[in-house]
Structure formats: structure tokens, C-alpha cells
file my_file-v3.cif (mmCIF, N, CA and C atoms)
data_work
loop_
_atom_site.group_PDB
_atom_site.id
_atom_site.type_symbol
_atom_site.label_atom_id
_atom_site.label_comp_id
_atom_site.auth_asym_id
_atom_site.auth_seq_id
_atom_site.Cartn_x
_atom_site.Cartn_y
_atom_site.Cartn_z
ATOM 1 N N MET J 242 22.306 -18.895 18.824
ATOM 2 C CA MET J 242 21.398 -17.948 18.191
ATOM 3 C C MET J 242 20.586 -17.264 19.285
ATOM 4 N N SER J 243 20.624 -15.952 19.316
ATOM 5 C CA SER J 243 19.948 -15.227 20.377
ATOM 6 C C SER J 243 18.536 -14.785 20.008
ATOM 7 N N HIS J 244 18.226 -14.691 18.722
ATOM 8 C CA HIS J 244 16.902 -14.247 18.291
ATOM 9 C C HIS J 244 16.277 -15.297 17.390
ATOM 10 N N TYR J 245 15.063 -15.654 17.722
ATOM 11 C CA TYR J 245 14.371 -16.621 16.882
ATOM 12 C C TYR J 245 14.026 -16.016 15.527
ATOM 13 N N HIS J 246 13.517 -14.794 15.547
ATOM 14 C CA HIS J 246 13.173 -14.098 14.310
ATOM 15 C C HIS J 246 14.236 -13.042 14.032
ATOM 16 N N ASP J 247 15.012 -13.255 13.026
ATOM 17 C CA ASP J 247 16.054 -12.324 12.624
ATOM 18 C C ASP J 247 15.779 -11.950 11.174
ATOM 19 N N SER J 248 15.669 -10.662 10.887
ATOM 20 C CA SER J 248 15.317 -10.236 9.529
ATOM 21 C C SER J 248 16.303 -10.759 8.488
ATOM 22 N N ASP J 249 17.532 -11.019 8.874
ATOM 23 C CA ASP J 249 18.511 -11.574 7.930
ATOM 24 C C ASP J 249 18.173 -13.007 7.521
ATOM 25 N N ASP J 250 17.352 -13.680 8.317
ATOM 26 C CA ASP J 250 16.961 -15.050 7.978
ATOM 27 C C ASP J 250 16.200 -15.125 6.657
ATOM 28 N N ARG J 251 15.570 -14.023 6.273
ATOM 29 C CA ARG J 251 14.830 -14.015 5.004
ATOM 30 C C ARG J 251 15.745 -14.293 3.823
ATOM 31 N N LYS J 252 17.008 -13.974 3.975
ATOM 32 C CA LYS J 252 17.966 -14.237 2.899
ATOM 33 C C LYS J 252 18.089 -15.731 2.619
ATOM 34 N N LEU J 253 17.789 -16.549 3.606
ATOM 35 C CA LEU J 253 17.859 -18.004 3.438
ATOM 36 C C LEU J 253 16.807 -18.508 2.451
ATOM 37 N N LEU J 254 15.746 -17.741 2.262
ATOM 38 C CA LEU J 254 14.704 -18.147 1.309
ATOM 39 C C LEU J 254 15.261 -18.313 -0.095
ATOM 40 N N ARG J 255 16.287 -17.537 -0.412
ATOM 41 C CA ARG J 255 16.889 -17.623 -1.747
ATOM 42 C C ARG J 255 17.440 -19.021 -2.034
ATOM 43 N N GLU J 256 17.809 -19.737 -0.989
ATOM 44 C CA GLU J 256 18.349 -21.082 -1.179
ATOM 45 C C GLU J 256 17.326 -22.035 -1.791
ATOM 46 N N PHE J 257 16.061 -21.768 -1.546
ATOM 47 C CA PHE J 257 15.017 -22.620 -2.102
ATOM 48 C C PHE J 257 15.003 -22.573 -3.625
ATOM 49 N N LYS J 258 15.487 -21.478 -4.181
ATOM 50 C CA LYS J 258 15.552 -21.358 -5.644
ATOM 51 C C LYS J 258 16.377 -22.490 -6.236
ATOM 52 N N HIS J 259 17.394 -22.917 -5.526
ATOM 53 C CA HIS J 259 18.266 -23.993 -6.002
ATOM 54 C C HIS J 259 17.855 -25.355 -5.439
ATOM 55 N N LEU J 260 17.326 -25.358 -4.237
ATOM 56 C CA LEU J 260 16.972 -26.610 -3.583
ATOM 57 C C LEU J 260 15.649 -27.188 -4.090
ATOM 58 N N ALA J 261 14.705 -26.310 -4.412
ATOM 59 C CA ALA J 261 13.384 -26.742 -4.891
ATOM 60 C C ALA J 261 12.912 -25.723 -5.925
ATOM 61 N N PRO J 262 13.532 -25.696 -7.111
ATOM 62 C CA PRO J 262 13.281 -24.620 -8.074
ATOM 63 C C PRO J 262 11.838 -24.503 -8.556
ATOM 64 N N ALA J 263 11.189 -25.583 -8.860
ATOM 65 C CA ALA J 263 9.810 -25.499 -9.366
ATOM 66 C C ALA J 263 8.868 -24.977 -8.282
ATOM 67 N N GLU J 264 9.024 -25.479 -7.085
ATOM 68 C CA GLU J 264 8.176 -25.060 -5.976
ATOM 69 C C GLU J 264 8.433 -23.597 -5.617
ATOM 70 N N PHE J 265 9.700 -23.204 -5.661
ATOM 71 C CA PHE J 265 10.063 -21.826 -5.360
ATOM 72 C C PHE J 265 9.463 -20.874 -6.393
ATOM 73 N N LYS J 266 9.513 -21.264 -7.654
ATOM 74 C CA LYS J 266 8.930 -20.441 -8.719
ATOM 75 C C LYS J 266 7.428 -20.265 -8.483
ATOM 76 N N GLY J 267 6.753 -21.349 -8.130
ATOM 77 C CA GLY J 267 5.322 -21.282 -7.846
ATOM 78 C C GLY J 267 5.025 -20.389 -6.653
ATOM 79 N N PHE J 268 5.868 -20.477 -5.631
ATOM 80 C CA PHE J 268 5.708 -19.633 -4.454
ATOM 81 C C PHE J 268 5.833 -18.161 -4.833
ATOM 82 N N LEU J 269 6.849 -17.833 -5.628
ATOM 83 C CA LEU J 269 7.048 -16.443 -6.036
ATOM 84 C C LEU J 269 5.869 -15.923 -6.852
ATOM 85 N N GLU J 270 5.341 -16.758 -7.727
ATOM 86 C CA GLU J 270 4.190 -16.343 -8.540
ATOM 87 C C GLU J 270 2.964 -16.109 -7.665
ATOM 88 N N LEU J 271 2.759 -16.973 -6.693
ATOM 89 C CA LEU J 271 1.625 -16.807 -5.788
ATOM 90 C C LEU J 271 1.811 -15.563 -4.926
ATOM 91 N N ASP J 272 3.009 -15.374 -4.424
ATOM 92 C CA ASP J 272 3.314 -14.214 -3.585
ATOM 93 C C ASP J 272 3.132 -12.902 -4.348
ATOM 94 N N ALA J 273 3.375 -12.918 -5.643
ATOM 95 C CA ALA J 273 3.306 -11.695 -6.452
ATOM 96 C C ALA J 273 1.886 -11.154 -6.601
ATOM 97 N N ILE J 274 0.875 -11.968 -6.339
ATOM 98 C CA ILE J 274 -0.496 -11.467 -6.525
ATOM 99 C C ILE J 274 -0.843 -10.365 -5.528
ATOM 100 N N VAL J 275 -0.181 -10.337 -4.378
ATOM 101 C CA VAL J 275 -0.463 -9.267 -3.417
ATOM 102 C C VAL J 275 -0.079 -7.924 -4.011
ATOM 103 N N GLY J 276 1.068 -7.873 -4.678
ATOM 104 C CA GLY J 276 1.587 -6.619 -5.187
ATOM 105 C C GLY J 276 1.064 -6.186 -6.544
ATOM 106 N N ARG J 277 0.034 -6.857 -7.037
ATOM 107 C CA ARG J 277 -0.522 -6.467 -8.341
ATOM 108 C C ARG J 277 -1.111 -5.070 -8.284
ATOM 109 N N ASP J 278 -0.901 -4.333 -9.344
ATOM 110 C CA ASP J 278 -1.510 -3.015 -9.473
ATOM 111 C C ASP J 278 -2.710 -3.030 -10.417
ATOM 112 N N ASP J 279 -2.945 -4.154 -11.089
ATOM 113 C CA ASP J 279 -4.018 -4.214 -12.080
ATOM 114 C C ASP J 279 -5.229 -5.005 -11.599
ATOM 115 N N GLY J 280 -5.295 -5.306 -10.301
ATOM 116 C CA GLY J 280 -6.447 -6.030 -9.773
ATOM 117 C C GLY J 280 -7.608 -5.096 -9.479
ATOM 118 N N LYS J 281 -8.738 -5.659 -9.188
ATOM 119 C CA LYS J 281 -9.927 -4.864 -8.841
ATOM 120 C C LYS J 281 -9.774 -4.227 -7.463
ATOM 121 N N ILE J 282 -8.986 -4.848 -6.583
ATOM 122 C CA ILE J 282 -8.711 -4.280 -5.271
ATOM 123 C C ILE J 282 -7.447 -3.432 -5.400
ATOM 124 N N PRO J 283 -7.521 -2.152 -5.033
ATOM 125 C CA PRO J 283 -6.349 -1.285 -5.153
ATOM 126 C C PRO J 283 -5.181 -1.783 -4.296
ATOM 127 N N ARG J 284 -3.983 -1.445 -4.725
ATOM 128 C CA ARG J 284 -2.752 -1.924 -4.089
ATOM 129 C C ARG J 284 -2.714 -1.649 -2.592
ATOM 130 N N LYS J 285 -3.110 -0.457 -2.180
ATOM 131 C CA LYS J 285 -3.085 -0.116 -0.761
ATOM 132 C C LYS J 285 -3.922 -1.102 0.049
ATOM 133 N N TYR J 286 -5.100 -1.426 -0.448
ATOM 134 C CA TYR J 286 -5.982 -2.333 0.281
ATOM 135 C C TYR J 286 -5.465 -3.770 0.235
ATOM 136 N N ARG J 287 -4.829 -4.137 -0.853
ATOM 137 C CA ARG J 287 -4.218 -5.470 -0.935
ATOM 138 C C ARG J 287 -3.163 -5.616 0.158
ATOM 139 N N GLU J 288 -2.378 -4.556 0.357
ATOM 140 C CA GLU J 288 -1.329 -4.602 1.370
ATOM 141 C C GLU J 288 -1.909 -4.555 2.783
ATOM 142 N N LEU J 289 -2.991 -3.811 2.989
ATOM 143 C CA LEU J 289 -3.637 -3.805 4.300
ATOM 144 C C LEU J 289 -4.229 -5.175 4.622
ATOM 145 N N ILE J 290 -4.795 -5.825 3.627
ATOM 146 C CA ILE J 290 -5.278 -7.196 3.814
ATOM 147 C C ILE J 290 -4.105 -8.103 4.172
ATOM 148 N N ALA J 291 -2.991 -7.913 3.488
ATOM 149 C CA ALA J 291 -1.806 -8.731 3.753
ATOM 150 C C ALA J 291 -1.283 -8.511 5.174
ATOM 151 N N ILE J 292 -1.392 -7.288 5.683
ATOM 152 C CA ILE J 292 -1.006 -7.036 7.075
ATOM 153 C C ILE J 292 -1.889 -7.861 8.010
ATOM 154 N N ALA J 293 -3.191 -7.814 7.775
ATOM 155 C CA ALA J 293 -4.117 -8.567 8.624
ATOM 156 C C ALA J 293 -3.834 -10.069 8.564
ATOM 157 N N VAL J 294 -3.618 -10.569 7.373
ATOM 158 C CA VAL J 294 -3.336 -12.003 7.222
ATOM 159 C C VAL J 294 -2.004 -12.355 7.874
ATOM 160 N N SER J 295 -1.016 -11.473 7.742
ATOM 161 C CA SER J 295 0.284 -11.717 8.375
ATOM 162 C C SER J 295 0.142 -11.832 9.891
ATOM 163 N N CYS J 296 -0.731 -11.004 10.463
ATOM 164 C CA CYS J 296 -0.971 -11.100 11.902
ATOM 165 C C CYS J 296 -1.662 -12.413 12.248
ATOM 166 N N THR J 297 -2.600 -12.820 11.414
ATOM 167 C CA THR J 297 -3.341 -14.049 11.676
ATOM 168 C C THR J 297 -2.458 -15.285 11.510
ATOM 169 N N THR J 298 -1.600 -15.269 10.501
ATOM 170 C CA THR J 298 -0.710 -16.414 10.284
ATOM 171 C C THR J 298 0.551 -16.313 11.130
ATOM 172 N N GLN J 299 0.726 -15.189 11.799
ATOM 173 C CA GLN J 299 1.830 -14.933 12.718
ATOM 174 C C GLN J 299 3.195 -15.032 12.041
ATOM 175 N N CYS J 300 3.296 -14.404 10.860
ATOM 176 C CA CYS J 300 4.557 -14.390 10.126
ATOM 177 C C CYS J 300 5.206 -13.011 10.258
ATOM 178 N N PRO J 301 6.244 -12.877 11.086
ATOM 179 C CA PRO J 301 6.863 -11.565 11.262
ATOM 180 C C PRO J 301 7.539 -11.055 9.994
ATOM 181 N N TYR J 302 8.011 -11.950 9.145
ATOM 182 C CA TYR J 302 8.664 -11.538 7.902
ATOM 183 C C TYR J 302 7.650 -10.970 6.919
ATOM 184 N N CYS J 303 6.506 -11.630 6.812
ATOM 185 C CA CYS J 303 5.428 -11.109 5.957
ATOM 186 C C CYS J 303 4.941 -9.768 6.489
ATOM 187 N N LEU J 304 4.817 -9.668 7.806
ATOM 188 C CA LEU J 304 4.364 -8.425 8.415
ATOM 189 C C LEU J 304 5.336 -7.290 8.114
ATOM 190 N N ASP J 305 6.614 -7.559 8.208
ATOM 191 C CA ASP J 305 7.636 -6.556 7.894
ATOM 192 C C ASP J 305 7.501 -6.105 6.440
ATOM 193 N N HIS J 306 7.431 -7.066 5.549
ATOM 194 C CA HIS J 306 7.364 -6.780 4.112
ATOM 195 C C HIS J 306 6.095 -5.998 3.751
ATOM 196 N N HIS J 307 4.950 -6.480 4.210
ATOM 197 C CA HIS J 307 3.691 -5.868 3.789
ATOM 198 C C HIS J 307 3.404 -4.545 4.500
ATOM 199 N N THR J 308 3.943 -4.355 5.693
ATOM 200 C CA THR J 308 3.808 -3.052 6.341
ATOM 201 C C THR J 308 4.572 -2.001 5.544
ATOM 202 N N THR J 309 5.768 -2.348 5.129
ATOM 203 C CA THR J 309 6.569 -1.434 4.299
ATOM 204 C C THR J 309 5.860 -1.131 2.987
ATOM 205 N N LYS J 310 5.321 -2.173 2.342
ATOM 206 C CA LYS J 310 4.627 -1.991 1.062
ATOM 207 C C LYS J 310 3.341 -1.190 1.234
ATOM 208 N N ALA J 311 2.609 -1.410 2.320
ATOM 209 C CA ALA J 311 1.372 -0.664 2.562
ATOM 210 C C ALA J 311 1.665 0.821 2.745
ATOM 211 N N LYS J 312 2.713 1.108 3.513
ATOM 212 C CA LYS J 312 3.093 2.506 3.721
ATOM 213 C C LYS J 312 3.464 3.157 2.392
ATOM 214 N N ALA J 313 4.224 2.432 1.568
ATOM 215 C CA ALA J 313 4.618 2.965 0.252
ATOM 216 C C ALA J 313 3.413 3.155 -0.659
ATOM 217 N N ALA J 314 2.358 2.364 -0.453
ATOM 218 C CA ALA J 314 1.153 2.470 -1.280
ATOM 219 C C ALA J 314 0.190 3.525 -0.755
ATOM 220 N N GLY J 315 0.592 4.234 0.313
ATOM 221 C CA GLY J 315 -0.235 5.323 0.811
ATOM 222 C C GLY J 315 -1.086 4.997 2.023
ATOM 223 N N ALA J 316 -0.914 3.830 2.590
ATOM 224 C CA ALA J 316 -1.689 3.484 3.784
ATOM 225 C C ALA J 316 -1.199 4.309 4.966
ATOM 226 N N THR J 317 -2.114 4.625 5.853
ATOM 227 C CA THR J 317 -1.766 5.387 7.050
ATOM 228 C C THR J 317 -1.509 4.440 8.219
ATOM 229 N N ARG J 318 -0.904 4.976 9.229
ATOM 230 C CA ARG J 318 -0.653 4.201 10.451
ATOM 231 C C ARG J 318 -1.986 3.737 11.049
ATOM 232 N N GLU J 319 -2.995 4.607 10.988
ATOM 233 C CA GLU J 319 -4.324 4.268 11.514
ATOM 234 C C GLU J 319 -4.946 3.112 10.727
ATOM 235 N N GLU J 320 -4.784 3.119 9.406
ATOM 236 C CA GLU J 320 -5.315 2.021 8.589
ATOM 237 C C GLU J 320 -4.615 0.707 8.914
ATOM 238 N N ALA J 321 -3.311 0.775 9.122
ATOM 239 C CA ALA J 321 -2.572 -0.433 9.500
ATOM 240 C C ALA J 321 -3.073 -0.945 10.848
ATOM 241 N N ALA J 322 -3.291 -0.033 11.790
ATOM 242 C CA ALA J 322 -3.782 -0.431 13.109
ATOM 243 C C ALA J 322 -5.166 -1.070 13.015
ATOM 244 N N GLU J 323 -6.047 -0.493 12.207
ATOM 245 C CA GLU J 323 -7.380 -1.083 12.028
ATOM 246 C C GLU J 323 -7.286 -2.467 11.403
ATOM 247 N N SER J 324 -6.377 -2.637 10.462
ATOM 248 C CA SER J 324 -6.188 -3.960 9.846
ATOM 249 C C SER J 324 -5.786 -4.992 10.887
ATOM 250 N N VAL J 325 -4.887 -4.584 11.784
ATOM 251 C CA VAL J 325 -4.446 -5.475 12.863
ATOM 252 C C VAL J 325 -5.625 -5.832 13.773
ATOM 253 N N MET J 326 -6.436 -4.847 14.112
ATOM 254 C CA MET J 326 -7.561 -5.094 15.017
ATOM 255 C C MET J 326 -8.643 -5.944 14.359
ATOM 256 N N LEU J 327 -8.839 -5.772 13.046
ATOM 257 C CA LEU J 327 -9.776 -6.641 12.335
ATOM 258 C C LEU J 327 -9.296 -8.090 12.372
ATOM 259 N N ALA J 328 -8.000 -8.279 12.169
ATOM 260 C CA ALA J 328 -7.438 -9.631 12.237
ATOM 261 C C ALA J 328 -7.622 -10.217 13.633
ATOM 262 N N ALA J 329 -7.393 -9.400 14.650
ATOM 263 C CA ALA J 329 -7.553 -9.862 16.031
ATOM 264 C C ALA J 329 -8.999 -10.262 16.312
ATOM 265 N N ALA J 330 -9.943 -9.466 15.813
ATOM 266 C CA ALA J 330 -11.360 -9.769 16.032
ATOM 267 C C ALA J 330 -11.741 -11.093 15.377
ATOM 268 N N LEU J 331 -11.262 -11.299 14.158
ATOM 269 C CA LEU J 331 -11.594 -12.542 13.470
ATOM 270 C C LEU J 331 -10.910 -13.734 14.120
ATOM 271 N N ARG J 332 -9.694 -13.528 14.581
ATOM 272 C CA ARG J 332 -8.984 -14.611 15.264
ATOM 273 C C ARG J 332 -9.711 -14.969 16.563
ATOM 274 N N ALA J 333 -10.195 -13.954 17.276
ATOM 275 C CA ALA J 333 -10.941 -14.193 18.511
ATOM 276 C C ALA J 333 -12.263 -14.892 18.206
ATOM 277 N N GLY J 334 -12.903 -14.489 17.120
ATOM 278 C CA GLY J 334 -14.154 -15.134 16.730
ATOM 279 C C GLY J 334 -13.951 -16.610 16.422
ATOM 280 N N ALA J 335 -12.855 -16.912 15.736
ATOM 281 C CA ALA J 335 -12.556 -18.309 15.425
ATOM 282 C C ALA J 335 -12.298 -19.101 16.704
ATOM 283 N N ALA J 336 -11.610 -18.485 17.661
ATOM 284 C CA ALA J 336 -11.343 -19.168 18.928
ATOM 285 C C ALA J 336 -12.648 -19.447 19.669
ATOM 286 N N ALA J 337 -13.565 -18.486 19.672
ATOM 287 C CA ALA J 337 -14.844 -18.679 20.344
ATOM 288 C C ALA J 337 -15.658 -19.782 19.671
ATOM 289 N N THR J 338 -15.652 -19.787 18.349
ATOM 290 C CA THR J 338 -16.369 -20.822 17.605
ATOM 291 C C THR J 338 -15.797 -22.205 17.905
ATOM 292 N N LEU J 339 -14.468 -22.292 17.908
ATOM 293 C CA LEU J 339 -13.843 -23.570 18.250
ATOM 294 C C LEU J 339 -14.098 -23.940 19.702
ATOM 295 N N GLY J 340 -14.284 -22.925 20.552
ATOM 296 C CA GLY J 340 -14.657 -23.189 21.942
ATOM 297 C C GLY J 340 -16.002 -23.894 22.019
ATOM 298 N N GLY J 341 -16.919 -23.491 21.165
ATOM 299 C CA GLY J 341 -18.204 -24.188 21.089
ATOM 300 C C GLY J 341 -18.030 -25.638 20.666
ATOM 301 N N LEU J 342 -17.149 -25.857 19.716
ATOM 302 C CA LEU J 342 -16.848 -27.227 19.294
ATOM 303 C C LEU J 342 -16.234 -28.015 20.447
ATOM 304 N N ALA J 343 -15.385 -27.356 21.235
ATOM 305 C CA ALA J 343 -14.789 -28.033 22.398
ATOM 306 C C ALA J 343 -15.870 -28.501 23.357
ATOM 307 N N LEU J 344 -16.887 -27.652 23.603
ATOM 308 C CA LEU J 344 -17.987 -28.049 24.469
ATOM 309 C C LEU J 344 -18.769 -29.218 23.882
ATOM 310 N N LYS J 345 -19.020 -29.173 22.591
ATOM 311 C CA LYS J 345 -19.717 -30.256 21.914
ATOM 312 C C LYS J 345 -18.936 -31.564 22.062
ATOM 313 N N LEU J 346 -17.637 -31.500 21.856
ATOM 314 C CA LEU J 346 -16.807 -32.699 21.975
ATOM 315 C C LEU J 346 -16.743 -33.171 23.427
ATOM 316 N N PHE J 347 -16.739 -32.243 24.367
ATOM 317 C CA PHE J 347 -16.714 -32.597 25.775
ATOM 318 C C PHE J 347 -17.991 -33.337 26.163
ATOM 319 N N ASP J 348 -19.109 -32.904 25.617
ATOM 320 C CA ASP J 348 -20.414 -33.468 25.983
ATOM 321 C C ASP J 348 -20.762 -34.742 25.237
ATOM 322 N N ARG J 349 -19.966 -35.123 24.248
ATOM 323 C CA ARG J 349 -20.303 -36.337 23.484
ATOM 324 C C ARG J 349 -20.170 -37.560 24.386
ATOM 325 N N GLU J 350 -20.928 -38.543 24.012
ATOM 326 C CA GLU J 350 -20.904 -39.789 24.820
ATOM 327 C C GLU J 350 -19.904 -40.744 24.271
#

call {"tool": "encode", "arguments": {"input": "my_file-v3.cif", "output": "C-alpha cells"}}
result
Amino acid sequence: MSHYHDSDDRKLLREFKHLAPAEFKGFLELDAIVGRDDGKIPRKYRELIAIAVSCTTQCPYCLDHHTTKAKAAGATREEAAESVMLAAALRAGAAATLGGLALKLFDRE
């Protein structure tokens, strides 16, 4: 295998439908909340949030899916970029906060 992340690998997810049907059904239901059109948060913003979360969770498949959906929902390239940078800022903030914890743990007796 030459590529760790191959978009065709997403097809393997379908196997879970047979291997773990109840869990797969629950996963699909949970995943469907991003694409709701009847929520208080408009679809475009739901997808931009999903882009940011995909960057934070480092899921290239989610990023592929939600970038496509965000564009279809009217998001601009600039909005997608801002979503990415917001995720980066929060990820950096979490690292700095955990850095403080590292110092606390280092200084413990």
C-alpha cells in the first residue's frame, strides 16, 4: 500500500453495516445531524463547523466530505480557510494549556 489515506478506503465503511449493524446505524444517525436543514444553525455554518472539527480530529475523510458539502451549501473558500484557522487557534490554545499542566506535573514533589 503506497498511500495511508486513500479516498477509496471510505468504501470499507460499508462493511460495518454487516459486521456491526446496530452500531453502524447509530453512527449514521449521529453523522446525519451535521447535514440537517431544520436546525437553528444554518447548513452552511454546520458544514463550516464540521470542517474545523475535521481539522482538529485530523480526519481526512471527514474533511473531504464536509468541504464538499460546505461548498454546496454556499460556503466560500475564505470561510473554509477561516474555519481551518479557528480550529488551529483552538488546537494551539489547548496545547498551551496542557503545557501549563506539564509544568505543574514537572514541579510536583

call {"tool": "closest_atom_pairs", "arguments": {"input": "my_file-v3.cif", "of": "stretch 249-327 of chain J", "to": "stretch 332-342 of chain J", "cutoff": "10 Å", "atoms": "only C-alpha atoms", "output": "JSON lines"}}
result
{"residue": "J:Cys296", "atom": "CA", "partner": "J:Arg332", "partner_atom": "CA", "distance": 9.4}
{"residue": "J:Thr297", "atom": "CA", "partner": "J:Arg332", "partner_atom": "CA", "distance": 6.7}
{"residue": "J:Thr298", "atom": "CA", "partner": "J:Arg332", "partner_atom": "CA", "distance": 9.8}
{"residue": "J:Met326", "atom": "CA", "partner": "J:Arg332", "partner_atom": "CA", "distance": 9.6}
{"residue": "J:Leu327", "atom": "CA", "partner": "J:Arg332", "partner_atom": "CA", "distance": 8.5}

call {"tool": "atom_distance", "arguments": {"input": "my_file-v3.cif", "atom1": "atom CA of J:Pro301", "atom2": "atom CA of J:Val275"}}
result
16.6 Å

call {"tool": "closest_residue", "arguments": {"input": "my_file-v3.cif", "among": "J:His306, J:His259, J:Arg349, J:Lys312", "to": "J:Lys285", "atoms": "only N, CA and C atoms"}}
result
J:Lys312

call {"tool": "axis_aligned_box", "arguments": {"input": "my_file-v3.cif", "around": "stretch 332-347 of chain J", "padding_each_side": "4 Å", "output": "JSON"}}
result
{"center_x": -14.4, "center_y": -23.4, "center_z": 20.4, "size_x": 18.7, "size_y": 27.8, "size_z": 19.6}

call {"tool": "atom_distance", "arguments": {"input": "my_file-v3.cif", "atom1": "atom N of J:Ile282", "atom2": "atom CA of J:Val294"}}
result
16.5 Å

call {"tool": "closest_residue", "arguments": {"input": "my_file-v3.cif", "among": "J:Glu323, J:Asp272, J:Glu288, J:Asp279", "to": "J:Lys310", "atoms": "only N, CA and C atoms"}}
result
J:Glu288

call {"tool": "atom_distance", "arguments": {"input": "my_file-v3.cif", "atom1": "atom CA of J:Tyr302", "atom2": "atom CA of J:Ser248"}}
result
7.0 Å

call {"tool": "closest_residue", "arguments": {"input": "my_file-v3.cif", "among": "J:Ser295, J:Phe347, J:Glu270, J:Thr309", "to": "J:Ala329", "atoms": "only C-alpha atoms"}}
result
J:Ser295

call {"tool": "residues_around", "arguments": {"input": "my_file-v3.cif", "residues": "J:Arg284", "least_positions_apart": "6", "cutoff": "6 Å", "atoms": "only N, CA and C atoms", "output": "PyMOL selection string"}}
result
chain J and resi 277-278+314

call {"tool": "select_by_dssp", "arguments": {"input": "my_file-v3.cif", "residues": "chain J", "states": "alpha helix (DSSP H)", "output": "count of residues only"}}
result
74

call {"tool": "residues_around", "arguments": {"input": "my_file-v3.cif", "residues": "J:Ala321", "least_positions_apart": "6", "cutoff": "9 Å", "atoms": "only C-alpha atoms", "output": "list in words"}}
result
Leu289, Ile292, Ala293, Thr308, Ala311 and Lys312 of chain J
